[in-house]
Amino acid sequence: MELRKVVIIGSGPAGFTAALYTARANLSPLVFAGSRWGGQLMLTTEVENYPGFVDGILGPDMMNILRKQAMRFGAEIFNEDVTTVDFGHRPFKIRASEKQYQSKAVIIATGAEANWLNLPNEQRLIGKGISSCAPCDAFFFTNKKVVVIGGGDSAMEEALTLTKFATEVTIIHRRDKFRASKIMIDRAKKNAKITFIFNSEVVDVLGKDKVEGVKIKTTGDLPKQTDCFKYHPVTSKMKAGSIVELPIDGVFLAIGHKPLTDIFKGQLDLNENGYIIRKPQGDKPGDFQMTTTVEGVFVAGDVHDYHFRQAVTAAGYGCMAALEVEKWLESRE
Ligand code: NAP
């Protein structure tokens with residue numbers, strides 16, 4: 001069985017940047033990109049906040065460029081899903097497509113995926129008015145009306161970001177109580193552009209080639225207007241069990257993310273939400289930042305970072321993990 005210096009699992013901006021840096025360090029990286037390679041940007045249309053693309057670029061085009069750039073320096077990339085890993089002993093064992101591989105170091109960059117509602121027209125309209133990232137896509141909704149679905153901090157934050165561009169932002173939540181922190185709720189309440197719809201579920205998205213509206217089902221009685229929330233005018237037509245159609249231009253999902261870490265369960269430490277725990281290691285403080293609870297296994301991107309979740313921050317983490325792998329391998333040889 002061939003022994004590799006570094007195997008990279010995942011192929012978003014973090015994985016491909018790690019591949020680029022480790023390839024240029026002559027570590028001949030092997031990348032398991034996955035059968036659905038490219039990560040979340042493959043589901044995006046215009047990307048305008050990744051430095052270097054003056055006029056923006058389509059998400060899939062950008063991922064093709066990152067992939068080719070890594071390949072130019074010798075990264076070997078397989079579009080295969082890793083099925084199991086064994087981090088119990090070094091060299092680590094990685095299994096994909098019925099074959100076993102061994103590696104001295106591993107970089108995990110499998111990312112996270114946004115939770116979707118699985119509505120009849122949802123997947124078809126992702127990137128055509130449906131998004132799960134306001135910092136990425138809010139600009140496309142300048143002077144438009146949008147809804148945000150969810151009741152956590154992300155929903156409040158997405159709504160507040162959207163108010164910089166959209167004319168009206170409505171938060172639709174399935175219960176009558178938010179899960180978000182008080183400070184975030186207060187900020188949303190105070191924003192004149194934000195209205196609220198409680199006890200309601202979006203049951204479908206309307207529109208042929210782009211989002212034109214949402215269908216909302218009210219699941220319980222709407223709360224009385226006594227709590228300083230500014231309710232959307234449509235709520236006057238809503239009662240338990242009713243379904244209304246709301247014409248809008250954009251839908252932002254903020255119902256949580258799921259890190260892609262199932263294959264790592266039991267192999268290294270994950271937090272209560274399944275994200276990989278990054279554990280700085282080394283003799284001196286700051287020696288290794290992108291390390292996990294298993295020495296030799298490094299992490300990069302959204303699979304550990306649930307805060308920034310940007311393509312450019314993921315790429316930055318990929319670079320850091322690659323530089324640290326190089327340093328760690330040198331220190332052992
Ligand atoms: P979250 O706290 O888990 O909230 C998810 C929201 O989506 C909940 O309100 C949930 O409703 C709703 N939801 C889930 N599934 C749904 C479905 N099928 N249909 C309709 N609604 C659904 O997730 P998050 O807001 O992404 O936050 C994740 C973590 O990051 C939290 O710890 C949060 O505090 C943190 N965060 C912090 C900030 C900040 O401090 N600035 C910003 C963003 C995130 P229910 O409430 O009914 O369950």
# chains A, B, ... in the order shown; residues from 1 in each chain; ligands from 1
call {"tool": "closest_atom_pairs", "arguments": {"of": "chain A", "to": "ligand 1", "cutoff": "8 Å", "atoms": "only C-alpha atoms and all ligand atoms", "output": "tab-separated table"}}
result
residue	atom	partner	partner_atom_place_in_ligand_line	distance
A:Asn115	CA	ligand 1	15 (N)	7.5
A:Trp116	CA	ligand 1	18 (N)	7.4
A:Leu117	CA	ligand 1	18 (N)	5.4
A:Ile149	CA	ligand 1	21 (N)	6.4
A:Gly150	CA	ligand 1	7 (O)	4.0
A:Gly151	CA	ligand 1	9 (O)	3.2
A:Gly152	CA	ligand 1	25 (O)	3.5
A:Asp153	CA	ligand 1	25 (O)	4.1
A:Ser154	CA	ligand 1	25 (O)	3.6
A:Ala155	CA	ligand 1	25 (O)	5.6
A:Met156	CA	ligand 1	42 (C)	7.6
A:Glu157	CA	ligand 1	42 (C)	5.8
A:His173	CA	ligand 1	21 (N)	6.1
A:Arg174	CA	ligand 1	20 (C)	5.4
A:Arg175	CA	ligand 1	47 (O)	5.4
A:Lys177	CA	ligand 1	46 (O)	7.2
A:Phe178	CA	ligand 1	46 (O)	5.8
A:Arg179	CA	ligand 1	46 (O)	4.8
A:Ala180	CA	ligand 1	2 (O)	6.3
A:Ser181	CA	ligand 1	34 (O)	6.8
A:Met184	CA	ligand 1	41 (N)	7.2
A:Glu201	CA	ligand 1	20 (C)	6.3
A:Val202	CA	ligand 1	20 (C)	7.7
A:Ala254	CA	ligand 1	26 (O)	5.8
A:Ile255	CA	ligand 1	7 (O)	3.3
A:Gly256	CA	ligand 1	26 (O)	3.9
A:His257	CA	ligand 1	26 (O)	6.2
A:Tyr306	CA	ligand 1	30 (O)	6.6
A:His307	CA	ligand 1	44 (C)	6.7
call {"tool": "residues_around", "arguments": {"residues": "segment 235-238 of chain A", "least_positions_apart": "3", "cutoff": "8 Å", "atoms": "only C-alpha atoms", "output": "list in words"}}
result
Ile197, Thr218, Leu222, Tyr231, His232, Ser242, Ile243 and Val244 of chain A
call {"tool": "write_last_selection", "arguments": {"atoms": "C-alpha atoms", "output": "PDB file, in the first residue's frame"}}
result
ATOM      1  CA  ILE A 197     -44.376  36.405  10.803  1.00  0.00           C
ATOM      2  CA  THR A 218     -49.910  29.278   9.582  1.00  0.00           C
ATOM      3  CA  LEU A 222     -50.451  34.330  15.567  1.00  0.00           C
ATOM      4  CA  TYR A 231     -45.789  42.174  12.054  1.00  0.00           C
ATOM      5  CA  HIS A 232     -45.956  41.912   8.285  1.00  0.00           C
ATOM      6  CA  SER A 242     -54.596  29.259   6.603  1.00  0.00           C
ATOM      7  CA  ILE A 243     -52.286  29.404   3.598  1.00  0.00           C
ATOM      8  CA  VAL A 244     -51.311  32.739   2.007  1.00  0.00           C
TER       9      VAL A 244
END
call {"tool": "atom_distance", "arguments": {"atom1": "atom CA of Val303 of chain A", "atom2": "atom CA of Arg124 of chain A"}}
result
25.6 Å
call {"tool": "residues_around", "arguments": {"residues": "Trp37 of chain A", "least_positions_apart": "6", "cutoff": "8 Å", "atoms": "only C-alpha atoms", "output": "number ranges by chain"}}
result
A: 10-12, 79
call {"tool": "closest_residue", "arguments": {"among": "A:Pro223, A:Gly59, A:Gly88, A:Gly111", "to": "Ala300 of chain A", "atoms": "only C-alpha atoms"}}
result
A:Gly111
call {"tool": "closest_residue", "arguments": {"among": "A:Ala112, A:Cys228, A:Ile94, A:Val251", "to": "Met1 of chain A", "atoms": "only C-alpha atoms"}}
result
A:Ile94
call {"tool": "select_by_dssp", "arguments": {"residues": "segment 30-99 of chain A", "states": "strand (DSSP E or B)", "output": "list in words"}}
result
Leu30, Val31, Phe32, Glu46, Val47, Ile57, Leu58, Glu76, Ile77, Phe78, Val82, Thr83, Thr84, Val85, Asp86, Phe92, Lys93, Ile94, Arg95, Ala96 and Lys99 of chain A
call {"tool": "residues_around", "arguments": {"residues": "Arg72 of chain A", "least_positions_apart": "2", "cutoff": "12 Å", "atoms": "only C-alpha atoms", "output": "VMD selection string"}}
result
chain A and resid 16 19 to 21 23 to 24 28 65 to 70 74 to 77
call {"tool": "select_by_dssp", "arguments": {"residues": "segment 250-310 of chain A", "states": "helix (DSSP H, G or I)", "output": "list of chain:residue names"}}
result
A:Asp262, A:Ile263, A:Phe264, A:Gly301, A:Asp302, A:Val303
call {"tool": "atom_distance", "arguments": {"atom1": "atom CA of Val54 of chain A", "atom2": "atom CA of Ala315 of chain A"}}
result
18.2 Å
